[in-house]
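Below is one structure; the comments refer to it alone.
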Amino acid sequence: MINFRDLKEKEIECRVATCKASGVSLLLYKDARCDMNILDETVGAENWQRRHELINGNLFCEVGINKNYDSGDNYAEYIWKQDVGTESYTEKEKGQASDAFKRACFNWGIGRELYTAPFIWISSKDGNVTLDNKNGKTATYDKFAVEQIIIEKKIIVALSIKNISLNKRVFTYDIRKKGDKA
């Protein structure tokens, strides 16, 4: 079994999921470069592969890892895990391929701790929420970043988010016992 390390703060990005006059909700995500770096770091660049396949009009990605990567054996035998991607809003095909790759890497366990993230709500007092005159919807152009994350047994137990645009911590979460806090 391959044990991939936990993600680091700088490898996790924040995306606005919803925006209302009262504030915004955020999602945590990783990008494909993060997955490639962790694969290279853990099993070596020569011991993993990816391939894409169109199945019923959907783009799937398979990520294969040489099960002998750490044995010193020159015989390569790959184990494959696969998932499907969805199109992005900006680059349809590239976004679908990248999403399928990231999902296949989740199947290997890379970044799976992101699925344990708490609901992240940032009040409008901690950000700039405006009415977009083009479409009449609320929007924010603020940028957010993970300031600190603590993961124990693949579960996020503490997290802080910073509004980069305002240079201000706007979200904290900590489920550890009082005596366990860093």
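Residues in the structure tokens are named by chain (A, B, ... in the order shown) and by number from 1 within that chain; ligands are numbered from 1 in the order shown.
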
For the interface of stretch 114-133 of chain A with stretch 167-176 of chain A (cut-off 10 Å, counting only C-alpha atoms), please tabulate each contacting residue of stretch 114-133 of chain A alongside its nearest pair of atoms and their separation in Å to one decimal, rows sorted by chain and increasing number, as CSV.
```
residue,atom,partner,partner_atom,distance
A:Ala117,CA,A:Tyr173,CA,9.6
A:Pro118,CA,A:Tyr173,CA,7.8
A:Phe119,CA,A:Tyr173,CA,9.6
A:Ile120,CA,A:Phe171,CA,7.3
A:Trp121,CA,A:Phe171,CA,7.6
A:Ile122,CA,A:Val170,CA,6.5
A:Ser123,CA,A:Val170,CA,8.2
A:Lys125,CA,A:Val170,CA,9.4
A:Asp126,CA,A:Val170,CA,6.0
A:Gly127,CA,A:Val170,CA,8.4
```

>> Taking 5 positions as the minimum chain separation for residues in the same chain, which residues sit within 12 Å of stretch 34-41 of chain A when counting only C-alpha atoms? Answer as a PyMOL selection string.
In response: chain A and resi 2-13+29+46-50+63-66+69+98-112

Emit the selected residues as a compact mmCIF listing (two decimals), in the first residue's frame, including N, CA, C and O atoms.
```
# COMPACT_ATOMS: atom_id res chain seq x y z
N ILE A 2 0.51 2.21 -0.80
CA ILE A 2 1.26 3.45 -0.90
C ILE A 2 0.64 4.47 0.05
O ILE A 2 -0.57 4.70 0.01
N ASN A 3 1.46 5.07 0.88
CA ASN A 3 0.99 6.11 1.78
C ASN A 3 1.44 7.47 1.26
O ASN A 3 2.62 7.79 1.35
N PHE A 4 0.50 8.20 0.71
CA PHE A 4 0.80 9.55 0.23
C PHE A 4 0.71 10.51 1.41
O PHE A 4 -0.18 10.38 2.25
N ARG A 5 1.61 11.46 1.46
CA ARG A 5 1.61 12.43 2.55
C ARG A 5 0.39 13.35 2.44
O ARG A 5 -0.26 13.46 1.40
N ASP A 6 0.10 14.01 3.56
CA ASP A 6 -0.98 14.99 3.59
C ASP A 6 -0.59 16.22 2.78
O ASP A 6 0.60 16.55 2.64
N LEU A 7 -1.59 16.90 2.29
CA LEU A 7 -1.35 18.14 1.56
C LEU A 7 -0.84 19.22 2.51
O LEU A 7 -1.18 19.24 3.69
N LYS A 8 -0.05 20.13 1.96
CA LYS A 8 0.46 21.28 2.71
C LYS A 8 -0.38 22.51 2.36
O LYS A 8 -1.05 22.55 1.32
N GLU A 9 -0.31 23.51 3.22
CA GLU A 9 -1.11 24.73 3.04
C GLU A 9 -0.98 25.30 1.62
O GLU A 9 -1.98 25.62 0.98
N LYS A 10 0.24 25.40 1.14
CA LYS A 10 0.49 26.04 -0.16
C LYS A 10 -0.03 25.21 -1.34
O LYS A 10 -0.10 25.71 -2.46
N GLU A 11 -0.37 23.95 -1.09
CA GLU A 11 -0.87 23.08 -2.16
C GLU A 11 -2.39 23.09 -2.25
O GLU A 11 -2.96 22.52 -3.17
N ILE A 12 -3.04 23.76 -1.31
CA ILE A 12 -4.50 23.79 -1.26
C ILE A 12 -4.97 25.17 -1.66
O ILE A 12 -4.48 26.18 -1.16
N GLU A 13 -5.92 25.19 -2.56
CA GLU A 13 -6.48 26.45 -3.02
C GLU A 13 -7.92 26.59 -2.56
O GLU A 13 -8.58 25.59 -2.24
N TYR A 29 -9.54 22.88 -2.71
CA TYR A 29 -9.21 21.96 -3.80
C TYR A 29 -7.71 21.97 -4.06
O TYR A 29 -6.98 22.82 -3.58
N GLU A 46 9.41 8.11 -12.87
CA GLU A 46 9.43 6.98 -13.80
C GLU A 46 8.50 5.84 -13.39
O GLU A 46 8.37 4.84 -14.11
N ASN A 47 7.83 5.96 -12.26
CA ASN A 47 7.01 4.86 -11.73
C ASN A 47 5.52 5.14 -11.70
O ASN A 47 4.77 4.43 -11.02
N TRP A 48 5.08 6.14 -12.44
CA TRP A 48 3.65 6.36 -12.57
C TRP A 48 3.36 6.81 -14.00
O TRP A 48 4.22 7.34 -14.68
N GLN A 49 2.14 6.54 -14.43
CA GLN A 49 1.69 6.90 -15.77
C GLN A 49 0.25 7.38 -15.69
O GLN A 49 -0.47 7.05 -14.75
N ARG A 50 -0.14 8.09 -16.74
CA ARG A 50 -1.55 8.45 -16.87
C ARG A 50 -1.96 8.24 -18.31
O ARG A 50 -1.15 8.38 -19.22
N VAL A 63 -4.73 6.45 -13.70
CA VAL A 63 -3.39 6.69 -13.17
C VAL A 63 -2.86 5.34 -12.72
O VAL A 63 -3.48 4.64 -11.91
N GLY A 64 -1.73 4.96 -13.30
CA GLY A 64 -1.10 3.69 -12.97
C GLY A 64 0.18 3.92 -12.19
O GLY A 64 0.97 4.81 -12.51
N ILE A 65 0.37 3.10 -11.15
CA ILE A 65 1.59 3.18 -10.35
C ILE A 65 2.27 1.81 -10.37
O ILE A 65 1.61 0.78 -10.17
N ASN A 66 3.57 1.82 -10.63
CA ASN A 66 4.36 0.59 -10.64
C ASN A 66 4.40 0.04 -9.22
O ASN A 66 4.96 0.67 -8.32
N TYR A 69 7.80 -0.09 -7.40
CA TYR A 69 8.59 1.15 -7.43
C TYR A 69 9.65 1.21 -6.33
O TYR A 69 10.67 1.84 -6.51
N SER A 98 -7.93 17.46 -16.90
CA SER A 98 -7.33 17.77 -15.60
C SER A 98 -8.21 17.27 -14.46
O SER A 98 -7.72 16.69 -13.49
N ASP A 99 -9.52 17.48 -14.58
CA ASP A 99 -10.44 17.03 -13.53
C ASP A 99 -10.43 15.51 -13.41
O ASP A 99 -10.42 14.97 -12.30
N ALA A 100 -10.41 14.81 -14.53
CA ALA A 100 -10.37 13.34 -14.49
C ALA A 100 -9.09 12.86 -13.82
O ALA A 100 -9.10 11.93 -13.02
N PHE A 101 -7.97 13.52 -14.13
CA PHE A 101 -6.68 13.16 -13.51
C PHE A 101 -6.73 13.38 -12.00
O PHE A 101 -6.34 12.51 -11.21
N LYS A 102 -7.21 14.56 -11.58
CA LYS A 102 -7.30 14.86 -10.14
C LYS A 102 -8.19 13.85 -9.42
O LYS A 102 -7.87 13.39 -8.32
N ARG A 103 -9.30 13.49 -10.04
CA ARG A 103 -10.21 12.52 -9.42
C ARG A 103 -9.56 11.13 -9.33
O ARG A 103 -9.74 10.42 -8.34
N ALA A 104 -8.83 10.74 -10.36
CA ALA A 104 -8.13 9.45 -10.31
C ALA A 104 -7.10 9.46 -9.19
O ALA A 104 -6.90 8.47 -8.48
N CYS A 105 -6.43 10.61 -9.00
CA CYS A 105 -5.45 10.73 -7.91
C CYS A 105 -6.13 10.68 -6.55
O CYS A 105 -5.56 10.13 -5.59
N PHE A 106 -7.33 11.24 -6.42
CA PHE A 106 -8.10 11.08 -5.18
C PHE A 106 -8.32 9.60 -4.90
O PHE A 106 -8.25 9.15 -3.76
N ASN A 107 -8.60 8.82 -5.96
CA ASN A 107 -8.80 7.38 -5.78
C ASN A 107 -7.55 6.70 -5.22
O ASN A 107 -7.66 5.70 -4.51
N TRP A 108 -6.38 7.25 -5.53
CA TRP A 108 -5.13 6.73 -4.96
C TRP A 108 -4.91 7.22 -3.54
O TRP A 108 -4.04 6.72 -2.83
N GLY A 109 -5.68 8.24 -3.12
CA GLY A 109 -5.56 8.77 -1.77
C GLY A 109 -4.88 10.12 -1.68
O GLY A 109 -4.74 10.68 -0.59
N ILE A 110 -4.48 10.69 -2.81
CA ILE A 110 -3.80 11.99 -2.79
C ILE A 110 -4.84 13.09 -2.54
O ILE A 110 -5.74 13.29 -3.34
N GLY A 111 -4.70 13.76 -1.40
CA GLY A 111 -5.60 14.85 -1.06
C GLY A 111 -6.97 14.44 -0.58
O GLY A 111 -7.85 15.29 -0.42
N ARG A 112 -7.16 13.18 -0.30
CA ARG A 112 -8.48 12.71 0.12
C ARG A 112 -8.96 13.41 1.39
O ARG A 112 -10.16 13.51 1.64
```

> Of the candidates A:Glu147, A:Val157, A:Lys162, A:Lys177, which shows the shortest atom-to-atom distance to A:Leu114, using only C-alpha atoms?
Replying inline: A:Val157

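Nearest to A:Met1 of all the residues A:Ala139, A:Val43, A:Ile161, A:Leu26 is A:Val43, based on only C-alpha atoms.
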
> Which one of A:Thr116, A:Ala76, A:Lys94, A:Thr18 sits closest to A:Glu152 if you count only C-alpha atoms?
Replying inline: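 Closest residue, counting only C-alpha atoms: A:Thr116.
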
> What residues in stretch 2-164 of chain A get the DSSP label strand (DSSP E)? Please answer as a ChimeraX atom specification.
Replying inline: /A:13-20,23-29,48-55,58-66,78-84,120-123,129-131,138-140,144-152,155-163

> What lies within 12 Å of A:Thr130 using only C-alpha atoms, ignoring chain neighbours under 3 positions off, as a list in words?
Replying inline: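 Once the nearby chain positions are removed, what remains is Cys19, Lys20, Ala21, Ser22, Gly23, Val24, Ser124, Lys125, Gly127, Asn133, Lys134, Asn135, Gly136, Lys137, Thr138, Ala139, Thr140, Tyr141 and Asp142 of chain A.
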
>> With DSSP run on the backbone, what are the helix (DSSP H, G or I) residues within stretch 15-112 of chain A? I'd like them as an MDAnalysis selection string.
In response: chainID A and resid 32:43 45:47 92:108 112
